[in-house]
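**Student:** So here's model.cif (mmCIF, C-alpha atoms and all ligand atoms).
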```
data_data
loop_
_atom_site.group_PDB
_atom_site.id
_atom_site.type_symbol
_atom_site.label_atom_id
_atom_site.label_comp_id
_atom_site.auth_asym_id
_atom_site.auth_seq_id
_atom_site.Cartn_x
_atom_site.Cartn_y
_atom_site.Cartn_z
ATOM 1 C CA MET A 1 29.046 106.942 10.768
ATOM 2 C CA ALA A 2 32.460 105.299 10.554
ATOM 3 C CA ASP A 3 34.938 107.889 11.791
ATOM 4 C CA ARG A 4 38.468 108.744 10.685
ATOM 5 C CA LYS A 5 40.005 106.084 13.003
ATOM 6 C CA ASP A 6 37.767 103.386 11.447
ATOM 7 C CA LEU A 7 38.604 104.423 7.895
ATOM 8 C CA GLU A 8 42.329 104.634 8.646
ATOM 9 C CA PHE A 9 42.071 101.043 9.939
ATOM 10 C CA THR A 10 40.220 99.797 6.871
ATOM 11 C CA TYR A 11 42.052 101.647 4.102
ATOM 12 C CA SER A 12 45.311 103.288 5.212
ATOM 13 C CA LEU A 13 46.654 100.035 6.649
ATOM 14 C CA ILE A 14 46.361 98.299 3.289
ATOM 15 C CA ASP A 15 47.470 101.332 1.251
ATOM 16 C CA GLU A 16 50.811 99.984 0.063
ATOM 17 C CA ILE A 17 49.620 96.425 -0.533
ATOM 18 C CA PHE A 18 46.589 97.759 -2.379
ATOM 19 C CA ARG A 19 48.673 99.918 -4.732
ATOM 20 C CA LEU A 20 51.225 97.153 -5.318
ATOM 21 C CA SER A 21 48.489 94.605 -6.044
ATOM 22 C CA LEU A 22 45.909 96.596 -8.017
ATOM 23 C CA GLY A 23 47.723 99.686 -9.225
ATOM 24 C CA GLU A 24 48.276 103.271 -8.150
ATOM 25 C CA LEU A 25 44.927 104.660 -9.296
ATOM 26 C CA ALA A 26 42.849 101.513 -9.002
ATOM 27 C CA ASP A 27 39.179 101.212 -8.108
ATOM 28 C CA PHE A 28 38.177 99.660 -4.815
ATOM 29 C CA SER A 29 34.490 99.172 -5.588
ATOM 30 C CA GLY A 30 32.426 96.784 -7.689
ATOM 31 C CA ALA A 31 33.199 96.782 -11.422
ATOM 32 C CA LYS A 32 30.629 96.620 -14.235
ATOM 33 C CA TYR A 33 30.826 93.344 -16.142
ATOM 34 C CA ASP A 34 27.119 93.268 -16.898
ATOM 35 C CA GLY A 35 27.447 89.510 -16.639
ATOM 36 C CA ASP A 36 30.253 89.264 -19.234
ATOM 37 C CA PHE A 37 32.985 87.687 -17.135
ATOM 38 C CA SER A 38 35.299 87.353 -20.129
ATOM 39 C CA LEU A 39 36.179 91.024 -19.484
ATOM 40 C CA THR A 40 39.310 91.764 -17.497
ATOM 41 C CA LEU A 41 38.923 93.580 -14.195
ATOM 42 C CA GLU A 42 40.405 96.695 -15.795
ATOM 43 C CA GLN A 43 37.926 96.559 -18.708
ATOM 44 C CA ALA A 44 35.011 96.150 -16.309
ATOM 45 C CA GLN A 45 36.171 99.074 -14.156
ATOM 46 C CA ARG A 46 36.552 101.129 -17.312
ATOM 47 C CA ALA A 47 33.010 100.136 -18.362
ATOM 48 C CA LYS A 48 31.810 101.441 -15.006
ATOM 49 C CA HIS A 49 33.524 104.791 -15.554
ATOM 50 C CA GLU A 50 32.006 105.046 -19.045
ATOM 51 C CA TYR A 51 28.578 104.261 -17.629
ATOM 52 C CA ILE A 52 28.965 106.961 -14.969
ATOM 53 C CA ALA A 53 30.128 109.412 -17.634
ATOM 54 C CA SER A 54 27.068 108.767 -19.759
ATOM 55 C CA SER A 55 24.744 108.853 -16.729
ATOM 56 C CA VAL A 56 25.887 112.028 -14.983
ATOM 57 C CA GLY A 57 27.834 113.846 -17.720
ATOM 58 C CA ILE A 58 31.621 113.896 -17.515
ATOM 59 C CA GLY A 59 33.603 115.948 -19.997
ATOM 60 C CA ARG A 60 35.442 119.127 -20.797
ATOM 61 C CA GLY A 61 34.661 121.961 -18.425
ATOM 62 C CA ARG A 62 32.369 119.892 -16.214
ATOM 63 C CA ARG A 63 33.012 119.577 -12.460
ATOM 64 C CA LEU A 64 32.422 116.354 -10.539
ATOM 65 C CA LEU A 65 32.579 115.821 -6.786
ATOM 66 C CA ASP A 66 33.551 112.314 -5.632
ATOM 67 C CA LEU A 67 32.354 111.509 -2.096
ATOM 68 C CA GLY A 68 34.760 108.850 -0.781
ATOM 69 C CA CYS A 69 37.186 108.892 -3.693
ATOM 70 C CA GLY A 70 39.550 106.118 -2.550
ATOM 71 C CA TRP A 71 42.773 106.041 -4.538
ATOM 72 C CA GLY A 72 41.267 108.369 -7.150
ATOM 73 C CA PRO A 73 40.224 106.169 -10.105
ATOM 74 C CA LEU A 74 37.130 108.158 -11.056
ATOM 75 C CA LEU A 75 38.872 111.509 -10.567
ATOM 76 C CA HIS A 76 41.649 110.304 -12.859
ATOM 77 C CA PHE A 77 39.062 109.283 -15.463
ATOM 78 C CA VAL A 78 37.397 112.711 -15.195
ATOM 79 C CA ARG A 79 40.785 114.327 -15.810
ATOM 80 C CA THR A 80 41.420 112.226 -18.930
ATOM 81 C CA ARG A 81 38.066 113.480 -20.254
ATOM 82 C CA GLY A 82 39.077 117.123 -19.740
ATOM 83 C CA GLY A 83 36.814 117.615 -16.723
ATOM 84 C CA GLU A 84 37.604 118.834 -13.228
ATOM 85 C CA GLY A 85 37.279 116.422 -10.308
ATOM 86 C CA VAL A 86 37.386 117.083 -6.584
ATOM 87 C CA GLY A 87 37.481 114.211 -4.099
ATOM 88 C CA VAL A 88 37.132 113.683 -0.368
ATOM 89 C CA THR A 89 38.292 110.709 1.674
ATOM 90 C CA LEU A 90 38.793 109.909 5.349
ATOM 91 C CA SER A 91 41.957 107.882 4.714
ATOM 92 C CA SER A 92 45.131 109.945 4.971
ATOM 93 C CA ALA A 93 47.114 107.396 2.936
ATOM 94 C CA GLN A 94 44.570 107.600 0.104
ATOM 95 C CA ALA A 95 44.640 111.396 0.171
ATOM 96 C CA ARG A 96 48.455 111.407 -0.010
ATOM 97 C CA SER A 97 48.467 108.894 -2.851
ATOM 98 C CA CYS A 98 45.869 110.876 -4.838
ATOM 99 C CA ARG A 99 47.836 114.101 -4.374
ATOM 100 C CA ARG A 100 51.042 112.418 -5.531
ATOM 101 C CA HIS A 101 49.136 111.781 -8.755
ATOM 102 C CA GLY A 102 48.102 115.417 -9.033
ATOM 103 C CA LEU A 103 44.459 114.887 -8.030
ATOM 104 C CA ASP A 104 42.524 117.491 -6.058
ATOM 105 C CA VAL A 105 41.692 115.435 -2.963
ATOM 106 C CA HIS A 106 40.894 116.507 0.589
ATOM 107 C CA LEU A 107 41.035 114.618 3.860
ATOM 108 C CA MET A 108 37.541 115.489 4.910
ATOM 109 C CA ASP A 109 34.361 113.953 6.253
ATOM 110 C CA VAL A 110 31.404 113.977 3.865
ATOM 111 C CA ARG A 111 29.321 115.069 6.873
ATOM 112 C CA GLN A 112 31.147 118.420 6.847
ATOM 113 C CA LEU A 113 30.455 119.169 3.177
ATOM 114 C CA ARG A 114 28.650 122.439 2.505
ATOM 115 C CA ARG A 115 27.837 124.360 -0.641
ATOM 116 C CA ASP A 116 30.649 126.816 0.061
ATOM 117 C CA THR A 117 33.305 124.136 0.790
ATOM 118 C CA PHE A 118 34.323 123.624 -2.846
ATOM 119 C CA GLY A 119 31.605 125.553 -4.672
ATOM 120 C CA THR A 120 29.016 123.913 -6.901
ATOM 121 C CA PHE A 121 29.371 120.931 -9.236
ATOM 122 C CA ASP A 122 27.732 119.597 -12.385
ATOM 123 C CA ALA A 123 27.637 116.063 -10.973
ATOM 124 C CA VAL A 124 28.272 114.074 -7.799
ATOM 125 C CA ALA A 125 29.425 110.454 -7.502
ATOM 126 C CA SER A 126 29.969 108.142 -4.573
ATOM 127 C CA LEU A 127 31.152 104.552 -4.959
ATOM 128 C CA GLY A 128 31.632 102.169 -2.076
ATOM 129 C CA ALA A 129 31.472 104.908 0.566
ATOM 130 C CA PHE A 130 27.767 104.974 1.477
ATOM 131 C CA GLU A 131 28.429 101.700 3.329
ATOM 132 C CA HIS A 132 30.401 103.721 5.890
ATOM 133 C CA PHE A 133 27.995 106.597 6.399
ATOM 134 C CA CYS A 134 25.785 104.944 9.040
ATOM 135 C CA SER A 135 27.369 103.222 12.053
ATOM 136 C CA PRO A 136 25.840 100.376 14.085
ATOM 137 C CA GLU A 137 25.299 102.942 16.889
ATOM 138 C CA ASP A 138 23.400 105.230 14.487
ATOM 139 C CA TYR A 139 21.222 102.260 13.588
ATOM 140 C CA TYR A 140 20.551 101.179 17.191
ATOM 141 C CA GLU A 141 19.752 104.767 18.170
ATOM 142 C CA GLY A 142 17.252 105.134 15.311
ATOM 143 C CA ARG A 143 19.281 107.594 13.234
ATOM 144 C CA GLN A 144 19.874 105.495 10.106
ATOM 145 C CA ALA A 145 17.348 107.232 7.850
ATOM 146 C CA ALA A 146 18.425 110.670 9.101
ATOM 147 C CA VAL A 147 22.100 109.917 8.360
ATOM 148 C CA TYR A 148 21.312 108.965 4.757
ATOM 149 C CA GLU A 149 18.928 111.901 4.271
ATOM 150 C CA ASP A 150 21.629 114.257 5.473
ATOM 151 C CA VAL A 151 24.130 112.898 2.909
ATOM 152 C CA PHE A 152 21.597 113.372 0.100
ATOM 153 C CA ALA A 153 20.831 116.906 1.310
ATOM 154 C CA ARG A 154 24.551 117.749 1.214
ATOM 155 C CA ALA A 155 24.909 116.328 -2.300
ATOM 156 C CA ALA A 156 21.807 118.229 -3.447
ATOM 157 C CA ALA A 157 23.206 121.476 -2.028
ATOM 158 C CA VAL A 158 26.135 121.444 -4.475
ATOM 159 C CA LEU A 159 24.127 120.465 -7.577
ATOM 160 C CA PRO A 160 21.900 122.500 -9.897
ATOM 161 C CA VAL A 161 18.334 121.369 -10.557
ATOM 162 C CA GLY A 162 18.662 118.520 -13.078
ATOM 163 C CA GLY A 163 22.184 117.653 -11.881
ATOM 164 C CA CYS A 164 22.862 113.943 -11.357
ATOM 165 C CA PHE A 165 24.244 111.898 -8.470
ATOM 166 C CA TYR A 166 25.689 108.446 -9.275
ATOM 167 C CA LEU A 167 25.699 106.244 -6.185
ATOM 168 C CA GLN A 168 26.762 102.646 -5.755
ATOM 169 C CA THR A 169 26.579 100.829 -2.481
ATOM 170 C CA MET A 170 26.192 97.481 -0.823
ATOM 171 C CA VAL A 171 22.899 96.938 0.979
ATOM 172 C CA PHE A 172 21.584 94.103 3.127
ATOM 173 C CA GLY A 173 20.106 91.508 0.799
ATOM 174 C CA LYS A 174 16.844 89.571 0.720
ATOM 175 C CA ASN A 175 18.194 86.817 2.993
ATOM 176 C CA MET A 176 19.535 89.170 5.682
ATOM 177 C CA ILE A 177 19.142 87.676 9.155
ATOM 178 C CA PRO A 178 18.005 89.530 12.307
ATOM 179 C CA VAL A 179 20.809 91.911 13.293
ATOM 180 C CA GLU A 180 20.996 90.383 16.801
ATOM 181 C CA GLU A 181 22.182 87.102 15.254
ATOM 182 C CA VAL A 182 25.309 88.714 13.781
ATOM 183 C CA SER A 183 28.129 87.639 16.086
ATOM 184 C CA ILE A 184 31.710 86.469 15.819
ATOM 185 C CA ASP A 185 30.721 83.825 18.374
ATOM 186 C CA ALA A 186 28.063 82.400 16.045
ATOM 187 C CA PRO A 187 28.965 78.971 14.598
ATOM 188 C CA ARG A 188 31.885 79.203 12.148
ATOM 189 C CA PHE A 189 30.692 79.568 8.511
ATOM 190 C CA SER A 190 27.151 80.487 9.607
ATOM 191 C CA ASN A 191 25.458 83.602 8.184
ATOM 192 C CA GLY A 192 25.886 85.410 11.506
ATOM 193 C CA TRP A 193 29.604 84.613 11.625
ATOM 194 C CA TYR A 194 30.307 85.775 8.041
ATOM 195 C CA LEU A 195 28.425 89.033 8.601
ATOM 196 C CA ALA A 196 30.339 89.588 11.842
ATOM 197 C CA LEU A 197 33.634 89.122 10.002
ATOM 198 C CA MET A 198 32.559 91.884 7.651
ATOM 199 C CA GLN A 199 31.831 94.125 10.632
ATOM 200 C CA HIS A 200 35.409 93.568 11.783
ATOM 201 C CA GLN A 201 36.746 94.425 8.351
ATOM 202 C CA PHE A 202 34.629 97.595 8.162
ATOM 203 C CA PRO A 203 34.340 98.815 11.767
ATOM 204 C CA GLY A 204 31.833 101.588 12.409
ATOM 205 C CA SER A 205 29.874 100.696 9.275
ATOM 206 C CA PHE A 206 26.322 99.470 8.765
ATOM 207 C CA LEU A 207 24.272 98.987 5.585
ATOM 208 C CA PRO A 208 20.897 100.132 4.257
ATOM 209 C CA PHE A 209 18.150 97.502 4.317
ATOM 210 C CA GLY A 210 17.707 97.028 0.580
ATOM 211 C CA SER A 211 17.672 99.494 -2.289
ATOM 212 C CA GLN A 212 14.319 101.002 -1.283
ATOM 213 C CA GLN A 213 15.756 102.512 1.881
ATOM 214 C CA VAL A 214 18.311 104.381 -0.240
ATOM 215 C CA ILE A 215 15.675 105.560 -2.713
ATOM 216 C CA ASP A 216 13.432 106.731 0.143
ATOM 217 C CA ALA A 217 16.293 108.651 1.763
ATOM 218 C CA ALA A 218 17.016 110.416 -1.526
ATOM 219 C CA SER A 219 13.404 111.232 -2.315
ATOM 220 C CA GLU A 220 13.209 114.684 -0.724
ATOM 221 C CA HIS A 221 15.751 116.058 -3.199
ATOM 222 C CA PHE A 222 16.211 113.469 -5.956
ATOM 223 C CA SER A 223 14.178 111.432 -8.435
ATOM 224 C CA LEU A 224 15.456 107.990 -9.300
ATOM 225 C CA VAL A 225 16.519 107.748 -12.959
ATOM 226 C CA GLU A 226 17.848 104.192 -12.943
ATOM 227 C CA SER A 227 18.921 101.414 -10.595
ATOM 228 C CA SER A 228 20.370 97.946 -11.075
ATOM 229 C CA SER A 229 21.885 95.212 -8.958
ATOM 230 C CA GLY A 230 25.640 94.645 -9.335
ATOM 231 C CA ARG A 231 25.730 91.674 -6.946
ATOM 232 C CA LEU A 232 27.066 89.077 -9.399
ATOM 233 C CA ASP A 233 29.499 91.601 -10.863
ATOM 234 C CA TYR A 234 30.775 92.269 -7.355
ATOM 235 C CA ILE A 235 31.438 88.566 -6.754
ATOM 236 C CA GLU A 236 33.622 88.509 -9.870
ATOM 237 C CA THR A 237 35.330 91.772 -8.863
ATOM 238 C CA ILE A 238 36.259 90.278 -5.489
ATOM 239 C CA ARG A 239 37.527 87.093 -7.175
ATOM 240 C CA GLN A 240 39.826 89.170 -9.346
ATOM 241 C CA TRP A 241 41.003 91.258 -6.390
ATOM 242 C CA ARG A 242 41.898 88.128 -4.433
ATOM 243 C CA LEU A 243 43.982 86.795 -7.326
ATOM 244 C CA ARG A 244 45.908 90.043 -7.520
ATOM 245 C CA PHE A 245 46.385 90.350 -3.762
ATOM 246 C CA ALA A 246 47.691 86.762 -3.702
ATOM 247 C CA ASP A 247 50.284 87.493 -6.438
ATOM 248 C CA ARG A 248 53.631 87.469 -4.711
ATOM 249 C CA SER A 249 56.342 90.106 -4.944
ATOM 250 C CA LEU A 250 59.356 90.941 -2.829
ATOM 251 C CA ARG A 251 57.964 94.333 -1.844
ATOM 252 C CA LYS A 252 54.660 92.795 -0.788
ATOM 253 C CA THR A 253 56.423 90.170 1.319
ATOM 254 C CA ALA A 254 58.488 92.890 3.000
ATOM 255 C CA MET A 255 55.352 94.905 3.567
ATOM 256 C CA LYS A 256 53.511 91.949 5.103
ATOM 257 C CA ALA A 257 56.523 91.267 7.357
ATOM 258 C CA ARG A 258 56.223 94.823 8.690
ATOM 259 C CA LEU A 259 52.588 94.120 9.600
ATOM 260 C CA LEU A 260 53.489 90.899 11.453
ATOM 261 C CA PRO A 261 53.739 92.469 14.949
ATOM 262 C CA ARG A 262 50.285 93.945 14.455
ATOM 263 C CA TYR A 263 48.982 90.575 13.256
ATOM 264 C CA LEU A 264 50.332 88.869 16.365
ATOM 265 C CA ALA A 265 49.158 91.549 18.780
ATOM 266 C CA SER A 266 45.676 92.355 17.510
ATOM 267 C CA ARG A 267 42.728 89.991 17.234
ATOM 268 C CA GLU A 268 40.818 92.763 15.433
ATOM 269 C CA PHE A 269 43.529 92.915 12.801
ATOM 270 C CA ARG A 270 43.519 89.140 12.319
ATOM 271 C CA LEU A 271 39.722 89.029 11.994
ATOM 272 C CA ALA A 272 39.714 91.927 9.540
ATOM 273 C CA PHE A 273 42.572 90.974 7.264
ATOM 274 C CA ALA A 274 43.605 87.396 7.875
ATOM 275 C CA SER A 275 40.475 85.328 8.451
ATOM 276 C CA GLY A 276 41.369 83.161 5.455
ATOM 277 C CA VAL A 277 37.856 83.449 3.999
ATOM 278 C CA SER A 278 36.251 85.941 1.639
ATOM 279 C CA ALA A 279 33.376 87.044 3.865
ATOM 280 C CA ASN A 280 31.967 89.591 1.415
ATOM 281 C CA SER A 281 31.873 87.058 -1.469
ATOM 282 C CA VAL A 282 30.046 84.520 0.659
ATOM 283 C CA CYS A 283 27.588 87.169 1.869
ATOM 284 C CA PHE A 284 26.851 88.150 -1.739
ATOM 285 C CA GLU A 285 26.470 84.504 -2.789
ATOM 286 C CA ARG A 286 24.023 83.841 0.046
ATOM 287 C CA GLU A 287 22.203 87.107 -0.719
ATOM 288 C CA LEU A 288 22.786 88.359 2.783
ATOM 289 C CA LEU A 289 24.156 91.333 0.844
ATOM 290 C CA ASP A 290 23.209 92.922 -2.432
ATOM 291 C CA HIS A 291 24.831 95.734 -4.347
ATOM 292 C CA PHE A 292 23.128 98.579 -6.200
ATOM 293 C CA ARG A 293 23.996 101.235 -8.722
ATOM 294 C CA PHE A 294 21.690 104.248 -8.684
ATOM 295 C CA VAL A 295 21.436 107.300 -10.895
ATOM 296 C CA PHE A 296 19.545 110.119 -9.168
ATOM 297 C CA ARG A 297 18.517 113.466 -10.649
ATOM 298 C CA LYS A 298 18.027 116.543 -8.479
ATOM 299 C CA ARG A 299 14.481 117.872 -8.618
HETATM 300 C C1 LIG B 1 35.584 101.208 -0.684
HETATM 301 S S1 LIG B 1 36.409 102.742 -0.775
HETATM 302 C C2 LIG B 1 35.853 103.239 -2.379
HETATM 303 C C3 LIG B 1 36.809 104.187 -3.012
HETATM 304 C C4 LIG B 1 36.456 104.683 -4.412
HETATM 305 N N1 LIG B 1 35.176 105.361 -4.446
HETATM 306 C C5 LIG B 1 36.513 103.583 -5.450
HETATM 307 O O1 LIG B 1 35.477 103.294 -6.062
HETATM 308 O O2 LIG B 1 37.579 103.047 -5.657
HETATM 309 C C6 LIG B 1 35.452 103.787 0.338
HETATM 310 C C7 LIG B 1 35.911 105.223 0.406
HETATM 311 O O3 LIG B 1 34.963 106.006 1.144
HETATM 312 C C8 LIG B 1 35.663 106.893 1.989
HETATM 313 N N2 LIG B 1 34.761 107.333 3.072
HETATM 314 C C9 LIG B 1 33.988 106.580 3.861
HETATM 315 N N3 LIG B 1 33.300 107.341 4.736
HETATM 316 C C10 LIG B 1 33.655 108.629 4.481
HETATM 317 C C11 LIG B 1 33.296 109.885 5.041
HETATM 318 N N4 LIG B 1 32.428 109.981 6.044
HETATM 319 N N5 LIG B 1 33.861 111.000 4.512
HETATM 320 C C12 LIG B 1 34.745 110.925 3.500
HETATM 321 N N6 LIG B 1 35.123 109.751 2.927
HETATM 322 C C13 LIG B 1 34.594 108.620 3.413
HETATM 323 C C14 LIG B 1 36.875 106.084 2.415
HETATM 324 O O4 LIG B 1 37.866 106.922 2.967
HETATM 325 C C15 LIG B 1 37.254 105.459 1.067
HETATM 326 O O5 LIG B 1 37.986 106.388 0.318
#
```
Could you take the file, read its structure, and then write that structure out as structure tokens?
**Tutor:**
Amino acid sequence: MADRKDLEFTYSLIDEIFRLSLGELADFSGAKYDGDFSLTLEQAQRAKHEYIASSVGIGRGRRLLDLGCGWGPLLHFVRTRGGEGVGVTLSSAQARSCRRHGLDVHLMDVRQLRRDTFGTFDAVASLGAFEHFCSPEDYYEGRQAAVYEDVFARAAAVLPVGGCFYLQTMVFGKNMIPVEEVSIDAPRFSNGWYLALMQHQFPGSFLPFGSQQVIDAASEHFSLVESSSGRLDYIETIRQWRLRFADRSLRKTAMKARLLPRYLASREFRLAFASGVSANSVCFERELLDHFRFVFRKR
């Protein structure tokens, strides 16, 4: 599993640029266009929240736990609906930002969650975090399935029978190559090179092999209610993010200048944040990656 150091690298480093580019309470996971790319990014993220609300039940008096809550977009939505949201993240900058906005967020590893940590919930959600739960080491040492099963067991422990868990995650797609071919030394622009760039952007993270692996891991505690691919929607989401990140502002320029020493000193940093290509978009286009939305119900 990606640890706190990995998540601080991926998310806390970009905290200020993220908030300046996308907004204080913005989503950092695939939006829901359902193929209608005339929607704005904000409308598509809103459509995702509405879909989650109708799938798991969000509303007055209902409690939702967000596993990997980012900058708090879903928790904020829950609050506007009169519900109570609790979030956990492993990025200290995200936790601080969420708290500044009055959200109940804890700097905590999902692996530590127990029924008595925050009590029970009516629903659980996790968007864009499952990608970090299994590390390459976990995979090589044969623990991948066990890591995912453990996360589902923890989610089940806080839900009543019939309670729902909304999960969205990237998975390896139908054209995934053998893992041994993923290397930053592979020919530039090859599948292996693009996937390796992603590994640098998300250190300590590894993906499930297709949606079935996720469904299998859930099966001891949850029945699948619904699943759909959000791959094309994710490509559009990333396109919109890149436009917003590229928008210039004085504060962003100052911020980037502060990161310059790190850029010059660290190859890891350059590979993760300044490769000049959109590795995740290309991986989605080539179907090396896919993206799924699942609604699970506790049995
Ligand atoms: C791509 S962001 C998604 C954020 C948010 N769910 C959204 O949709 O905007 C991934 C989030 O998962 C969190 N995360 C990853 N692994 C975690 C772990 N083991 N425990 C707690 N949070 C974790 C990160 O800190 C980050 O907040």
**Student:** Would you name the residues within 9 Å of ligand LIG 1 (chain B), counting all atoms listed in the file, and put them as an NGL selection string?
**Tutor:** :A and (1-4 or 6-8 or 10-12 or 25-31 or 66-74 or 87-92 or 94-95 or 106-113 or 125-134 or 168 or 205)
**Student:** Kindly give the distance, in Å, that separates atom CA of Phe202 of chain A and atom CA of Asp233 of chain A, rounded to a single decimal.
**Tutor:**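 Between atom CA of Phe202 of chain A and atom CA of Asp233 of chain A the gap works out to 20.6 Å.
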**Student:** For Glu285 of chain A, which residue among A:Arg231, A:Arg251, A:Arg115, A:Arg270 is the nearest when counting all atoms listed in the file?
**Tutor:** A:Arg231
**Student:** Find the residues near segment 171-181 of chain A: any atom within 7 Å, counting only C-alpha atoms, skip ones fewer than 2 places away on the same chain, and give them as a PyMOL selection string.
**Tutor:** chain A and resi 169+183+192+207-211+287-291
**Student:** Neighbouring residues of Arg297 of chain A were defined as those with any atom within 12 Å, considering all atoms listed in the file; residues of the same chain fewer than 2 positions away were excluded. Please report them as JSON, numbers by chain.
**Tutor:** {"A": [55, 56, 57, 122, 123, 124, 125, 152, 155, 156, 159, 160, 161, 162, 163, 164, 165, 166, 167, 215, 218, 219, 220, 221, 222, 223, 224, 225, 226, 294, 295, 299]}
**Student:** Using all atoms listed in the file for the distances, tell me which of A:Glu236, A:Glu42, A:Asp216, A:Glu268 is nearest to Ala146 of chain A.
**Tutor:**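 Checking each candidate against Ala146 of chain A, we get A:Asp216 as the closest.
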**Student:** Using only C-alpha atoms, find the one residue out of A:Ala217, A:Ile184, A:Leu259, A:Cys283 that sits nearest to Val147 of chain A.
**Tutor:**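 Closest to Val147 of chain A of all the choices is A:Ala217.
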**Student:** Would you work out the distance separating atom CA of Ser228 of chain A from atom CA of Arg293 of chain A, expressed in Å to one decimal?
**Tutor:**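 So the answer is 5.4 Å.
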